[in-house]
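K.L.:
So here's input-v5.tsv, just TSV, C-alpha atoms:
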```tsv
chain	number	residue	atom	x	y	z
A	1	MET	CA	0.00	0.00	0.00
A	2	LYS	CA	2.82	2.42	0.90
A	3	ARG	CA	4.54	1.57	-2.34
A	4	MET	CA	1.43	2.41	-4.35
A	5	ILE	CA	0.98	5.77	-2.59
A	6	THR	CA	4.65	6.60	-3.21
A	7	ILE	CA	4.30	5.79	-6.93
A	8	LEU	CA	1.15	7.93	-7.22
A	9	PHE	CA	2.89	10.79	-5.44
A	10	MET	CA	5.85	10.57	-7.81
A	11	LEU	CA	3.53	10.56	-10.84
A	12	LEU	CA	1.84	13.73	-9.58
A	13	LEU	CA	5.19	15.51	-9.33
A	14	ILE	CA	6.28	14.74	-12.90
A	15	PRO	CA	4.35	17.62	-14.55
A	16	LEU	CA	5.80	20.10	-12.06
A	17	SER	CA	9.37	19.32	-13.05
A	18	CYS	CA	8.61	19.27	-16.78
A	19	SER	CA	7.79	22.97	-16.87
A	20	ALA	CA	11.05	23.99	-15.22
A	21	ILE	CA	13.48	26.22	-17.10
A	22	SER	CA	17.23	25.77	-16.96
A	23	LEU	CA	20.03	28.30	-16.75
A	24	GLU	CA	21.43	26.92	-20.00
A	25	GLU	CA	18.16	27.64	-21.78
A	26	LEU	CA	18.13	31.23	-20.47
A	27	GLN	CA	21.73	31.85	-21.53
A	28	SER	CA	21.62	30.12	-24.92
A	29	ASN	CA	18.51	31.89	-26.28
A	30	PRO	CA	19.32	35.62	-26.41
A	31	GLU	CA	16.54	36.19	-28.96
A	32	GLN	CA	13.98	34.97	-26.38
A	33	TYR	CA	15.53	35.95	-23.00
A	34	GLU	CA	17.28	39.28	-22.36
A	35	LYS	CA	19.64	39.66	-19.41
A	36	ILE	CA	18.58	42.89	-17.68
A	37	ILE	CA	20.44	42.82	-14.35
A	38	GLU	CA	23.56	40.92	-13.32
A	39	ALA	CA	25.00	40.91	-9.80
A	40	PRO	CA	27.25	38.57	-7.79
A	41	SER	CA	24.20	37.12	-6.02
A	42	GLY	CA	22.12	36.50	-9.14
A	43	THR	CA	20.92	37.46	-12.59
A	44	ILE	CA	17.52	38.58	-13.88
A	45	TYR	CA	16.31	37.62	-17.36
A	46	LEU	CA	13.31	39.10	-19.20
A	47	GLU	CA	11.25	36.90	-21.52
A	48	LEU	CA	10.86	39.10	-24.60
A	49	ASN	CA	7.82	37.25	-25.99
A	50	SER	CA	5.83	37.88	-22.80
A	51	ILE	CA	5.89	41.70	-22.90
A	52	LYS	CA	2.37	43.16	-22.98
A	53	SER	CA	1.29	46.78	-23.03
A	54	LEU	CA	-1.39	47.27	-20.37
A	55	ARG	CA	-1.59	51.07	-20.47
A	56	ASN	CA	-0.72	53.24	-23.41
A	57	SER	CA	-1.99	56.71	-22.55
A	58	PRO	CA	0.87	59.17	-23.01
A	59	PRO	CA	2.74	60.22	-20.99
A	60	TYR	CA	1.96	57.15	-18.85
A	61	TYR	CA	2.79	53.60	-19.91
A	62	THR	CA	2.47	50.25	-18.12
A	63	LEU	CA	4.09	47.05	-19.35
A	64	GLN	CA	3.72	43.51	-18.05
A	65	ALA	CA	6.40	40.86	-18.58
A	66	LYS	CA	7.59	37.50	-17.33
A	67	VAL	CA	10.89	37.67	-15.44
A	68	TYR	CA	13.24	34.87	-14.36
A	69	SER	CA	15.44	35.48	-11.30
A	70	VAL	CA	18.49	33.21	-11.11
A	71	LEU	CA	19.64	33.07	-7.47
A	72	TYR	CA	23.16	31.71	-7.10
A	73	ASP	CA	23.23	31.38	-3.30
A	74	THR	CA	20.10	29.18	-3.16
A	75	VAL	CA	20.71	27.54	-6.57
A	76	ALA	CA	17.21	28.35	-7.77
A	77	ILE	CA	15.39	29.97	-10.66
A	78	ALA	CA	12.19	31.82	-9.80
A	79	GLU	CA	9.62	32.91	-12.37
A	80	SER	CA	7.43	35.95	-11.74
A	81	THR	CA	5.23	38.35	-13.66
A	82	ARG	CA	6.17	41.99	-13.13
A	83	LEU	CA	4.63	45.34	-13.98
A	84	PHE	CA	6.77	48.22	-15.20
A	85	ASN	CA	5.37	51.76	-15.03
A	86	TYR	CA	6.85	54.63	-17.01
A	87	ASP	CA	6.06	58.34	-16.85
A	88	ASP	CA	7.43	60.16	-19.89
A	89	ASN	CA	7.25	63.47	-18.00
A	90	ARG	CA	9.87	62.13	-15.61
A	91	SER	CA	12.22	60.73	-18.26
A	92	THR	CA	15.79	62.02	-18.50
A	93	LEU	CA	15.18	63.59	-21.90
A	94	SER	CA	12.06	65.37	-20.70
A	95	LEU	CA	13.81	66.70	-17.59
A	96	LEU	CA	16.78	67.93	-19.63
A	97	ASN	CA	14.44	69.85	-21.95
A	98	LYS	CA	12.85	71.61	-18.98
```
Please render this file's structure as structure tokens.
P.N.:
Amino acid sequence: MKRMITILFMLLLIPLSCSAISLEELQSNPEQYEKIIEAPSGTIYLELNSIKSLRNSPPYYTLQAKVYSVLYDTVAIAESTRLFNYDDNRSTLSLLNK
């Protein structure tokens, strides 16, 4: 009985590991993943195909994208969806013109 429960448990975990992404995949596909921040403790990659414009009302813009955080100290890769807000009135070019 214990053996059967263990086998069922292992079968349930198989789909979870199949969707995992590797560091090699992130590094070897620069057309799909862009390195945006690199530090001694980790690296952050942006999935270029996942960028969506949520708000496009100048001067305000909001983008949504999938981000992968590679953490070297815990040997883990975490996936998250992030929002990026941009105010064109506060951009460097706009402030220099003022």
K.L.:
Skipping near chain neighbours, those fewer than 4 positions away, what residues fall within 10 Å of Lys66 (chain A) using all atoms listed in the file, listed as a VMD selection string?
P.N.:
chain A and resid 33 45 to 52 79 to 83
K.L.:
Around the point (21.4, 41.3, -13.3), in the coordinates given by the file, pick out the residues reaching within 12 Å, counting only C-alpha atoms, and return them as a PyMOL selection string.
P.N.:
chain A and resi 34-46+67-72
K.L.:
Restricting the calculation to only C-alpha atoms: of A:Asp73, A:Tyr61, A:Glu24, A:Arg55, which residue gets closest to Ser91 (chain A)?
P.N.:
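Ranking A:Asp73, A:Tyr61, A:Glu24, A:Arg55 by distance to Ser91 (chain A), first place goes to A:Tyr61.
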K.L.:
One decimal, in Å: what's the spacing between CA of Val75 (chain A) and CA of Asn29 (chain A)?
P.N.:
20.3 Å
K.L.:
Could you tell me how far CA of Met10 (chain A) lies from CA of Leu26 (chain A), in Å and to one decimal?
P.N.:
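We find that CA of Met10 (chain A) and CA of Leu26 (chain A) lie 27.2 Å from each other.
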K.L.:
What gap, in Å, lies between CA of Pro58 (chain A) and CA of Arg90 (chain A)?
P.N.:
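So the two atoms, CA of Pro58 (chain A) and CA of Arg90 (chain A), lie 12.0 Å apart.
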K.L.:
Counting all atoms listed in the file, which of A:Ser57, A:Ile7, A:Thr74, A:Leu63 gets nearest to Asp88 (chain A)?
P.N.:
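Residue with the minimum atom-to-atom distance to Asp88 (chain A): A:Ser57.
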